[in-house]
Amino acid sequence: MPSSQPYRNSQTTAKAGFIRKYFQSASALNLMYLPALLLFGVFILYPLAKGVQISFTNWDGYSQHYASAGLKKYSQMFNDKKIITTFKNTLIYGIGSTVLQNLLGLAYALFLDRKIRGLGFARTVVYMPVIISPLIMGYIFYFIFQYDGGALNDLVALFGQETVDWLSSGPRAVWIITFINTYQYMGIAMIIYLGGLQSISKEYYEAAQMEGARWWSQFANVTWPLLAPAITVNIVLNIIGGLKLFDVVVALTNGGPGYASQSLSTMMYNLYFARQDAGYAAALGNVMFLFISILSLTVLFILRRREVRM
Amino acid sequence: MSKVISRLILLLICIVHLVPFYLLLNMSFKPLTDTSSKWQPAAAMSLDNFSSAWNEAHLSRALTSNLIITVCSIVLVVLIGSFAAYPLARHRTKWNNFVYMLSISCLIVPGLTILVPLYKFMVDIGGMNQYWAIILVQVTFALPLTIFLMTGFMGTVPKELDEAALIDGCSRYSIFLRIIMPLLKPIIATIVIVLGVQIWNDYQFSVFFLQKPEVKTIPVALSGFITQYHSNINWVAAGCLVAMLPMTIAYLLLQKYFIKGMADGAVKG
């Protein structure tokens, strides 16, 4: 290294020289990720391990003493009808909004990746909901879907139809929440697809046009395969986001009617704070963690392999 | 597609996506006595809802909390995240690949699944209702995506830059500080928007760890306000509007960096 001085040879300076040399070597750069690793260890990995321990107890979340409960909290889960509904809802939130967000996001990106006036404005408008708190989004849509004086029912009445109590049915509420999540986050999918589209060299399209390829065949043979990395990123991010859904559910239905629109996140919240069953909540958290990891890693693996083959 | 049809579709997209905002804006200006349809513009505009929401929900106090938490978290996220991304992008050994995978895996961990142990841990370290504790949690959960985007973006910065600087006698750390850092502006802007918004809007951690009124953030303050004044829907609308204003302005100011940063970080890397 340029700054090392060759004439020092007493023992202390040799040691200092060694340390300095280490800090200038490429592997010492690795020290730069220590703060990040430390945070992951303290606030994610340690609690994850601690959560496994808590899930085998009957802890109520407050008291100092608790007894081991073995596998009871896990077996309880398999016999709990509410949990089965919750899992089903969470899958719809996760997969339903992933499919919708990607279809709409891609369609919007294809449409907005051209030169028309007002396009920057449209992109901003579509992206805008992303920056609004999902909690507030839930309230805004509550004003739209509420039974009495809701904006949607005003329209329904205007056309002379019978008004509907939109949020009174569980399955319908689940789809409304999926739709709100899609509306809110399709802007992210659109932006990532726009980035992907802009990174595709125009030469491919020129070549395709020379050979007389129509729009559809250009899309299938150039755009779609070259968009693969953007598709991977979008689908994985959307699945993780959808499966975690919490705020919108709290704001719109609070998991109701009954437990019918509960997501795994809101269920855990209720178990811990309303029913004071921290052991059960921790067990559910662990299962949810496994569930999300397996699902998103499988999807990631499949999509990455698809990228490589191209 | 003909130009006219394109324009029409564009117009339709804008209208559909603006409807919820129109309804919110309209409701927030209507006096409480005006019970006409939410679609109908307010006959007499009134600012009463805003002053009521502002005072009753203690929004100025909540704004201060939000500002402290978001600014500190974002500064730390950008520093720690770019520090971590540099060796991971430049020095690709087997071990570093493992560290990279570990960091990205943390993206999958939903904050709420470890709520119970995290809550207990927070109580044990005396972090309840403390700014430093919630900031550390926010930073930790924002880091995986930051590292992912930063590493991807650094992959687009030519390695020859580092090598040339090294030959000219620059130490590896000053290469990072003097040459790489300034090139990171677009991705930093992207991270400030994406994760700044996430931290600003966070409800799931804040509602557990910030329970004292003095430290409540906007989403937490607002959720309490809404439960309490459920029937005064126009106050609620005004409160929502005030709460979303700062982020909207920040986004509009930063958005020109944003598409490029997102594309380079997420797609090309």
# chains A, B, ... in the order shown; residues from 1 in each chain; ligands from 1
$ interface_residues --of "chain A" --to "chain B" --cutoff "7 Å" --atoms "only C-alpha atoms" --output "number ranges by chain"
A: 2, 24, 29-30, 32-33, 35-36, 39-40, 43, 47-48, 50-51, 122, 125-126, 131-133, 136, 140, 149, 151, 154, 191-192, 195-196, 229-230, 233, 240, 244, 247, 265, 278, 282, 285-286, 288-289, 293
$ atom_distance --atom1 "atom CA of Ile69 of chain B" --atom2 "atom CA of Ile135 of chain B"
5.8 Å
$ select_by_dssp --residues "segment 232-279 of chain A" --states "alpha helix (DSSP H)" --output "MDAnalysis selection string"
chainID A and resid 232:243 247:252 264:269 278:279
$ atom_distance --atom1 "atom CA of Glu162 of chain A" --atom2 "atom CA of Tyr147 of chain A"
11.4 Å
$ closest_residue --among "B:Phe176, B:Trp132, B:Phe148, B:Phe29" --to "Pro41 of chain B" --atoms "only C-alpha atoms"
B:Phe29
$ closest_residue --among "A:Asn238, A:Thr266, A:Thr98, A:Ser296" --to "Thr253 of chain A" --atoms "only C-alpha atoms"
A:Thr266
$ closest_residue --among "A:Gln64, A:Ser75, A:Gln146, A:Asn254" --to "Val164 of chain A" --atoms "only C-alpha atoms"
A:Gln146
$ closest_residue --among "A:Asn89, A:Ser168, A:Gln209, A:Ser217" --to "Pro257 of chain A" --atoms "only C-alpha atoms"
A:Ser168
$ closest_residue --among "A:Ile144, A:Ile177, A:Leu104, A:Leu91" --to "Val156 of chain A" --atoms "only C-alpha atoms"
A:Ile144
$ atom_distance --atom1 "atom CA of Tyr131 of chain B" --atom2 "atom CA of Leu245 of chain A"
25.1 Å
$ decode --residues "segment 69-195 of chain A" --atoms "C-alpha atoms" --output "tab-separated table (two decimals), in the first residue's frame"
chain	number	residue	atom	x	y	z
A	69	ALA	CA	-46.82	-26.35	27.77
A	70	GLY	CA	-44.98	-28.70	25.43
A	71	LEU	CA	-46.56	-28.91	22.01
A	72	LYS	CA	-50.01	-27.97	23.29
A	73	LYS	CA	-50.11	-24.55	21.59
A	74	TYR	CA	-49.28	-26.10	18.24
A	75	SER	CA	-51.84	-28.90	18.51
A	76	GLN	CA	-54.42	-26.30	19.57
A	77	MET	CA	-53.86	-24.58	16.25
A	78	PHE	CA	-54.91	-27.60	14.20
A	79	ASN	CA	-58.23	-27.83	16.00
A	80	ASP	CA	-58.99	-24.11	15.86
A	81	LYS	CA	-61.51	-23.37	13.10
A	82	LYS	CA	-60.74	-19.64	13.29
A	83	ILE	CA	-57.10	-20.31	12.50
A	84	ILE	CA	-58.03	-22.29	9.40
A	85	THR	CA	-60.17	-19.39	8.12
A	86	THR	CA	-57.30	-17.05	8.99
A	87	PHE	CA	-54.82	-19.08	6.94
A	88	LYS	CA	-57.24	-19.18	4.00
A	89	ASN	CA	-57.72	-15.39	4.18
A	90	THR	CA	-53.99	-14.78	4.41
A	91	LEU	CA	-53.43	-16.89	1.29
A	92	ILE	CA	-56.05	-14.87	-0.59
A	93	TYR	CA	-54.49	-11.60	0.62
A	94	GLY	CA	-51.03	-12.82	-0.41
A	95	ILE	CA	-51.66	-14.57	-3.71
A	96	GLY	CA	-54.74	-12.61	-4.82
A	97	SER	CA	-53.10	-9.23	-4.50
A	98	THR	CA	-49.84	-10.51	-6.02
A	99	VAL	CA	-51.65	-11.67	-9.16
A	100	LEU	CA	-53.75	-8.50	-9.43
A	101	GLN	CA	-50.87	-6.13	-8.68
A	102	ASN	CA	-48.64	-7.72	-11.30
A	103	LEU	CA	-51.26	-7.95	-14.03
A	104	LEU	CA	-52.36	-4.34	-13.51
A	105	GLY	CA	-48.85	-3.05	-12.82
A	106	LEU	CA	-47.52	-4.60	-16.02
A	107	ALA	CA	-50.47	-3.38	-18.09
A	108	TYR	CA	-50.04	0.14	-16.73
A	109	ALA	CA	-46.29	0.07	-17.29
A	110	LEU	CA	-46.73	-1.07	-20.91
A	111	PHE	CA	-49.28	1.66	-21.47
A	112	LEU	CA	-47.37	4.41	-19.70
A	113	ASP	CA	-44.02	3.54	-21.31
A	114	ARG	CA	-44.62	5.73	-24.33
A	115	LYS	CA	-44.70	9.36	-25.25
A	116	ILE	CA	-48.02	11.01	-24.58
A	117	ARG	CA	-48.68	14.25	-22.78
A	118	GLY	CA	-49.85	13.90	-19.21
A	119	LEU	CA	-48.00	10.65	-18.71
A	120	GLY	CA	-45.80	11.88	-15.88
A	121	PHE	CA	-48.93	13.04	-14.10
A	122	ALA	CA	-50.62	9.66	-14.57
A	123	ARG	CA	-47.58	7.83	-13.18
A	124	THR	CA	-47.59	10.09	-10.14
A	125	VAL	CA	-51.31	9.53	-9.61
A	126	VAL	CA	-50.97	5.74	-9.80
A	127	TYR	CA	-47.99	5.76	-7.44
A	128	MET	CA	-49.55	8.19	-4.94
A	129	PRO	CA	-51.43	5.60	-2.81
A	130	VAL	CA	-48.11	3.89	-1.99
A	131	ILE	CA	-47.03	6.84	0.12
A	132	ILE	CA	-50.23	6.94	2.15
A	133	SER	CA	-50.39	4.97	5.37
A	134	PRO	CA	-52.26	1.67	4.82
A	135	LEU	CA	-54.19	2.51	7.96
A	136	ILE	CA	-55.49	5.74	6.42
A	137	MET	CA	-56.18	3.88	3.17
A	138	GLY	CA	-58.33	1.47	5.14
A	139	TYR	CA	-60.35	4.39	6.59
A	140	ILE	CA	-60.76	6.05	3.19
A	141	PHE	CA	-62.19	2.84	1.78
A	142	TYR	CA	-64.37	2.45	4.82
A	143	PHE	CA	-66.06	5.71	3.74
A	144	ILE	CA	-66.62	4.14	0.33
A	145	PHE	CA	-67.88	0.72	1.42
A	146	GLN	CA	-69.80	1.57	4.59
A	147	TYR	CA	-73.49	0.68	4.50
A	148	ASP	CA	-75.07	3.92	5.60
A	149	GLY	CA	-74.01	6.93	3.53
A	150	GLY	CA	-71.09	5.09	1.90
A	151	ALA	CA	-69.97	6.49	-1.42
A	152	LEU	CA	-70.53	3.23	-3.27
A	153	ASN	CA	-74.04	2.76	-1.96
A	154	ASP	CA	-74.89	6.33	-2.99
A	155	LEU	CA	-74.00	5.33	-6.55
A	156	VAL	CA	-75.96	2.09	-6.26
A	157	ALA	CA	-79.00	4.02	-5.06
A	158	LEU	CA	-78.58	6.56	-7.85
A	159	PHE	CA	-79.03	3.75	-10.37
A	160	GLY	CA	-82.13	2.60	-8.53
A	161	GLN	CA	-80.64	-0.65	-7.23
A	162	GLU	CA	-80.91	-2.10	-3.74
A	163	THR	CA	-78.04	-0.93	-1.49
A	164	VAL	CA	-75.64	-3.59	-0.19
A	165	ASP	CA	-73.99	-3.97	3.20
A	166	TRP	CA	-70.62	-4.63	1.61
A	167	LEU	CA	-68.61	-5.45	4.70
A	168	SER	CA	-71.19	-7.71	6.36
A	169	SER	CA	-70.04	-10.82	4.54
A	170	GLY	CA	-66.65	-12.29	5.43
A	171	PRO	CA	-65.60	-13.63	2.02
A	172	ARG	CA	-66.64	-10.38	0.35
A	173	ALA	CA	-64.72	-8.34	2.92
A	174	VAL	CA	-61.65	-10.49	2.22
A	175	TRP	CA	-61.83	-9.66	-1.48
A	176	ILE	CA	-62.46	-5.97	-0.81
A	177	ILE	CA	-59.34	-5.89	1.37
A	178	THR	CA	-57.37	-7.69	-1.36
A	179	PHE	CA	-58.60	-5.10	-3.82
A	180	ILE	CA	-57.58	-2.20	-1.55
A	181	ASN	CA	-54.13	-3.70	-1.08
A	182	THR	CA	-53.84	-4.00	-4.87
A	183	TYR	CA	-54.98	-0.43	-5.43
A	184	GLN	CA	-52.48	0.79	-2.87
A	185	TYR	CA	-49.38	-1.07	-4.01
A	186	MET	CA	-49.76	-1.64	-7.76
A	187	GLY	CA	-47.79	1.61	-8.16
A	188	ILE	CA	-44.64	-0.14	-6.91
A	189	ALA	CA	-45.13	-2.98	-9.39
A	190	MET	CA	-45.69	-0.42	-12.15
A	191	ILE	CA	-42.50	1.50	-11.31
A	192	ILE	CA	-40.37	-1.65	-11.24
A	193	TYR	CA	-41.83	-2.81	-14.56
A	194	LEU	CA	-41.25	0.65	-16.06
A	195	GLY	CA	-37.62	0.43	-14.94
